[in-house]
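Okay, so here's the structure we're looking at.
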Amino acid sequence: MPPDGPARRPILVSACLLGISCTHKGESKANPVVAALATDHQLIPVCPEVAGGLPTPRPAAERSSGGRVRTADGGDITDFYRRGADQAVALARAAQIERAVLKARSPSCGCHQIYDGTHRGVLVAGEGVTAAALRAAGFEVVSEEDL
């Protein structure tokens with residue numbers, strides 16, 4: 001046991017929710033409820049898009065029903081999202097997390113709803129690439145809206 005008390009269980013968290021400016025617009029989505037989890041948990045930030053090799057800022061993207069991730073101009077960036085998801089799963093395994101708190105509606109991190117791939121602002125039930133990969137690897141996945 002460390003001198004300052006029991007070890008805090010690690011949670012994987014979308015980096016943007018912790019105030020890191022890594023959204024596609026180059027902004028953060030800092031969330032005080034998520035930040036407060038640091039009281040009892042070790043928060044491990046991850047931005048799968050950046051981990052997969054995409055820059056910040058970057059064009060907006062959406063995941064279609066076929067699973068491909070495309071920008072509004074039709075660019076297929078699915079491989080970047082898959083690499084980022086693989087990185088997030090590897091990090092989750094290495095840190096021995098049980099739970100991930102991810103950004104709602106993101107084509108990478110969304111765990112309940114995502115945009116439908118038409119770039120018209122239509123939400124559908126579904127998961128982003130990273131949320132699906134983490135869940136398939138056996139990790140609990142929630143959004144900041146579930147807290």
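A note on labels: chains of the structure tokens are A, B, ... as shown, every chain counts residues from 1, and ligands are counted from 1 in their shown order.
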Residue neighbourhood segment 26-40 of chain A, 7 Å, only C-alpha atoms, exclusion window fewer than 4 positions, as an NGL selection string: :A and (8 or 16-22 or 56-57 or 144)
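Proximity to segment 129-142 of chain A at 8 Å, evaluated using only C-alpha atoms and with sequence-adjacent residues fewer than 2 positions away removed, yields Pro48, Gly67, Tyr81, Arg82, Gly84, Ala85, Asp86, Ala88, Val89, Ile97, Glu98, Arg99, Ala100, Val101, Leu102, Pro107, Ser108, Cys109, Gly110, Cys111, Glu127, Glu144, Glu145 and Asp146 of chain A.
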Keeping only N, CA and C atoms, write those residues as a PDB file, in the first residue's frame.
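So part_7.pdb came out as:
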```
ATOM      1  N   PRO A  48      -7.822   8.464 -29.025  1.00  0.00           N
ATOM      2  CA  PRO A  48      -7.545   7.448 -30.046  1.00  0.00           C
ATOM      3  C   PRO A  48      -7.242   8.025 -31.421  1.00  0.00           C
ATOM      4  N   GLY A  67     -19.331   0.642 -40.934  1.00  0.00           N
ATOM      5  CA  GLY A  67     -18.155   0.667 -40.078  1.00  0.00           C
ATOM      6  C   GLY A  67     -17.011   1.531 -40.569  1.00  0.00           C
ATOM      7  N   TYR A  81      -8.449   5.363 -37.345  1.00  0.00           N
ATOM      8  CA  TYR A  81      -9.328   5.061 -36.209  1.00  0.00           C
ATOM      9  C   TYR A  81      -9.066   3.661 -35.668  1.00  0.00           C
ATOM     10  N   ARG A  82      -8.813   2.717 -36.537  1.00  0.00           N
ATOM     11  CA  ARG A  82      -8.509   1.355 -36.073  1.00  0.00           C
ATOM     12  C   ARG A  82      -7.178   1.298 -35.338  1.00  0.00           C
ATOM     13  N   GLY A  84      -5.811   3.762 -33.707  1.00  0.00           N
ATOM     14  CA  GLY A  84      -6.060   4.405 -32.416  1.00  0.00           C
ATOM     15  C   GLY A  84      -6.798   3.500 -31.455  1.00  0.00           C
ATOM     16  N   ALA A  85      -7.764   2.759 -31.963  1.00  0.00           N
ATOM     17  CA  ALA A  85      -8.502   1.815 -31.119  1.00  0.00           C
ATOM     18  C   ALA A  85      -7.573   0.722 -30.599  1.00  0.00           C
ATOM     19  N   ASP A  86      -6.711   0.224 -31.460  1.00  0.00           N
ATOM     20  CA  ASP A  86      -5.736  -0.787 -31.030  1.00  0.00           C
ATOM     21  C   ASP A  86      -4.821  -0.239 -29.940  1.00  0.00           C
ATOM     22  N   ALA A  88      -5.570   2.176 -27.813  1.00  0.00           N
ATOM     23  CA  ALA A  88      -6.371   2.324 -26.595  1.00  0.00           C
ATOM     24  C   ALA A  88      -6.552   0.986 -25.889  1.00  0.00           C
ATOM     25  N   VAL A  89      -6.808  -0.061 -26.643  1.00  0.00           N
ATOM     26  CA  VAL A  89      -6.961  -1.396 -26.045  1.00  0.00           C
ATOM     27  C   VAL A  89      -5.647  -1.835 -25.411  1.00  0.00           C
ATOM     28  N   ILE A  97      -7.060  -1.615 -16.540  1.00  0.00           N
ATOM     29  CA  ILE A  97      -8.295  -0.910 -16.223  1.00  0.00           C
ATOM     30  C   ILE A  97      -9.454  -1.892 -16.232  1.00  0.00           C
ATOM     31  N   GLU A  98     -10.545  -1.494 -15.633  1.00  0.00           N
ATOM     32  CA  GLU A  98     -11.786  -2.247 -15.728  1.00  0.00           C
ATOM     33  C   GLU A  98     -12.820  -1.455 -16.502  1.00  0.00           C
ATOM     34  N   ARG A  99     -12.632  -0.128 -16.550  1.00  0.00           N
ATOM     35  CA  ARG A  99     -13.656   0.754 -17.085  1.00  0.00           C
ATOM     36  C   ARG A  99     -13.026   1.872 -17.896  1.00  0.00           C
ATOM     37  N   ALA A 100     -13.759   2.284 -18.931  1.00  0.00           N
ATOM     38  CA  ALA A 100     -13.354   3.444 -19.729  1.00  0.00           C
ATOM     39  C   ALA A 100     -14.514   4.437 -19.750  1.00  0.00           C
ATOM     40  N   VAL A 101     -14.185   5.715 -19.588  1.00  0.00           N
ATOM     41  CA  VAL A 101     -15.165   6.794 -19.698  1.00  0.00           C
ATOM     42  C   VAL A 101     -14.801   7.565 -20.956  1.00  0.00           C
ATOM     43  N   LEU A 102     -15.685   7.477 -21.957  1.00  0.00           N
ATOM     44  CA  LEU A 102     -15.377   8.021 -23.274  1.00  0.00           C
ATOM     45  C   LEU A 102     -16.363   9.101 -23.688  1.00  0.00           C
ATOM     46  N   PRO A 107     -17.073   9.484 -33.260  1.00  0.00           N
ATOM     47  CA  PRO A 107     -16.924   8.324 -34.143  1.00  0.00           C
ATOM     48  C   PRO A 107     -15.886   7.324 -33.629  1.00  0.00           C
ATOM     49  N   SER A 108     -15.110   7.750 -32.658  1.00  0.00           N
ATOM     50  CA  SER A 108     -14.157   6.854 -32.028  1.00  0.00           C
ATOM     51  C   SER A 108     -14.668   6.393 -30.668  1.00  0.00           C
ATOM     52  N   CYS A 109     -15.101   7.334 -29.851  1.00  0.00           N
ATOM     53  CA  CYS A 109     -15.399   7.064 -28.446  1.00  0.00           C
ATOM     54  C   CYS A 109     -16.870   6.891 -28.106  1.00  0.00           C
ATOM     55  N   GLY A 110     -17.772   7.268 -28.971  1.00  0.00           N
ATOM     56  CA  GLY A 110     -19.191   7.148 -28.661  1.00  0.00           C
ATOM     57  C   GLY A 110     -19.560   5.726 -28.289  1.00  0.00           C
ATOM     58  N   CYS A 111     -20.332   5.570 -27.209  1.00  0.00           N
ATOM     59  CA  CYS A 111     -20.649   4.201 -26.781  1.00  0.00           C
ATOM     60  C   CYS A 111     -22.140   3.900 -26.767  1.00  0.00           C
ATOM     61  N   GLU A 127     -21.805   2.469 -31.823  1.00  0.00           N
ATOM     62  CA  GLU A 127     -20.568   2.725 -31.090  1.00  0.00           C
ATOM     63  C   GLU A 127     -19.490   3.221 -32.032  1.00  0.00           C
ATOM     64  N   GLU A 144     -19.372  10.102 -20.597  1.00  0.00           N
ATOM     65  CA  GLU A 144     -19.422  11.094 -19.517  1.00  0.00           C
ATOM     66  C   GLU A 144     -20.862  11.365 -19.098  1.00  0.00           C
ATOM     67  N   GLU A 145     -21.804  11.130 -19.989  1.00  0.00           N
ATOM     68  CA  GLU A 145     -23.210  11.367 -19.677  1.00  0.00           C
ATOM     69  C   GLU A 145     -23.799  10.286 -18.782  1.00  0.00           C
ATOM     70  N   ASP A 146     -23.111   9.180 -18.631  1.00  0.00           N
ATOM     71  CA  ASP A 146     -23.570   8.098 -17.758  1.00  0.00           C
ATOM     72  C   ASP A 146     -23.183   8.317 -16.296  1.00  0.00           C
TER      73      ASP A 146
END
```
Could you jot down the atom CA of Gln87 of chain A to atom CA of Gly126 of chain A separation for me, Å, one decimal place?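 Computing it gives 20.9 Å between the two atoms.
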Quick one: pick out all helix (DSSP H, G or I) residues within segment 14-85 of chain A from a backbone DSSP run and write them as a count of residues only. 24
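With only C-alpha atoms as the basis for measurement, A:Ala15 is the residue among A:Ala95, A:Arg68, A:Ala15, A:Leu147 that approaches Ala51 of chain A most closely.
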For Pro45 of chain A, find every residue with an atom within 7 Å (counting only C-alpha atoms), except residues of its own chain fewer than 3 positions away, and show them as a list of chain:residue names.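 Within the cut-off, the hits are A:Leu12, A:Val13, A:Ser14, A:Ala15.
Among the candidates A:Val50, A:Gly75, A:His119, A:Ala125, the residue lying nearest to Glu62 of chain A is A:His119 (atoms considered: only C-alpha atoms).
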Report as a list in words all protein, DNA and RNA residues lying within 12 Å of Ala60 of chain A, evaluated on only C-alpha atoms, omitting residues in the same chain fewer than 3 positions from it. Thr23, His24, Lys25, Gly26, Glu49, Leu54, Pro55, Thr56, Pro57, Arg63, Val69, Arg70, Thr71, Ala72, Asp73, Gly74, Gly75, Asp76, Ile77, Ser106, Pro107, Ser108, Tyr115, Gly117, Thr118, His119, Arg120 and Gly121 of chain A
From the list A:Ala104, A:Ala94, A:His112, A:Gly52, the nearest residue to Asp79 of chain A using only C-alpha atoms is A:Gly52
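For the pair atom CA of Ala61 of chain A and atom CA of Ser143 of chain A, the interatomic distance is 18.9 Å.
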List every residue of segment 22-131 of chain A that DSSP, applied to the backbone of this structure, places in strand (DSSP E), and write the result as a ChimeraX atom specification. /A:41-46,61-63,69-71,99-102,113-115,123-125
Output N, CA and C atoms for every residue in the selection just made, as a tab-separated table (two decimals), in the first residue's frame.
```
chain	number	residue	atom	x	y	z
A	41	HIS	N	-9.73	7.44	-8.36
A	41	HIS	CA	-9.20	6.63	-9.46
A	41	HIS	C	-7.97	7.30	-10.07
A	42	GLN	N	-7.16	6.50	-10.67
A	42	GLN	CA	-6.06	7.01	-11.50
A	42	GLN	C	-6.63	7.19	-12.91
A	43	LEU	N	-6.66	8.42	-13.39
A	43	LEU	CA	-7.22	8.69	-14.72
A	43	LEU	C	-6.12	8.61	-15.77
A	44	ILE	N	-6.36	7.79	-16.78
A	44	ILE	CA	-5.39	7.58	-17.85
A	44	ILE	C	-5.98	8.15	-19.13
A	45	PRO	N	-5.47	9.32	-19.57
A	45	PRO	CA	-6.05	9.95	-20.76
A	45	PRO	C	-5.60	9.27	-22.05
A	46	VAL	N	-6.53	9.23	-23.01
A	46	VAL	CA	-6.21	8.72	-24.33
A	46	VAL	C	-7.06	9.46	-25.36
A	61	ALA	N	-15.31	13.77	-38.85
A	61	ALA	CA	-15.52	12.46	-39.44
A	61	ALA	C	-16.72	11.80	-38.78
A	62	GLU	N	-17.31	10.86	-39.50
A	62	GLU	CA	-18.43	10.08	-38.98
A	62	GLU	C	-18.27	8.63	-39.40
A	63	ARG	N	-18.79	7.75	-38.56
A	63	ARG	CA	-18.73	6.32	-38.83
A	63	ARG	C	-20.05	5.87	-39.46
A	69	VAL	N	-15.05	4.98	-41.51
A	69	VAL	CA	-15.03	6.34	-40.98
A	69	VAL	C	-14.59	7.25	-42.11
A	70	ARG	N	-15.45	8.24	-42.40
A	70	ARG	CA	-15.17	9.13	-43.53
A	70	ARG	C	-15.36	10.59	-43.14
A	71	THR	N	-14.59	11.44	-43.79
A	71	THR	CA	-14.75	12.88	-43.65
A	71	THR	C	-15.89	13.32	-44.56
A	99	ARG	N	-12.63	-0.13	-16.55
A	99	ARG	CA	-13.66	0.75	-17.08
A	99	ARG	C	-13.03	1.87	-17.90
A	100	ALA	N	-13.76	2.28	-18.93
A	100	ALA	CA	-13.35	3.44	-19.73
A	100	ALA	C	-14.51	4.44	-19.75
A	101	VAL	N	-14.19	5.72	-19.59
A	101	VAL	CA	-15.17	6.79	-19.70
A	101	VAL	C	-14.80	7.57	-20.96
A	102	LEU	N	-15.69	7.48	-21.96
A	102	LEU	CA	-15.38	8.02	-23.27
A	102	LEU	C	-16.36	9.10	-23.69
A	113	GLN	N	-24.55	6.26	-28.92
A	113	GLN	CA	-24.99	6.84	-30.18
A	113	GLN	C	-23.80	7.42	-30.92
A	114	ILE	N	-23.89	7.42	-32.23
A	114	ILE	CA	-22.90	8.08	-33.08
A	114	ILE	C	-23.65	8.74	-34.23
A	115	TYR	N	-22.99	9.63	-34.93
A	115	TYR	CA	-23.59	10.22	-36.12
A	115	TYR	C	-23.55	9.19	-37.25
A	123	LEU	N	-28.23	11.35	-35.53
A	123	LEU	CA	-27.73	10.39	-34.56
A	123	LEU	C	-28.43	9.05	-34.72
A	124	VAL	N	-27.66	7.98	-34.53
A	124	VAL	CA	-28.19	6.62	-34.57
A	124	VAL	C	-27.59	5.83	-33.41
A	125	ALA	N	-28.26	4.77	-33.02
A	125	ALA	CA	-27.69	3.88	-32.02
A	125	ALA	C	-26.43	3.25	-32.61
```
Point-to-point distance in Å for atom CA of Arg83 of chain A and atom CA of Gln96 of chain A: 19.8 Å
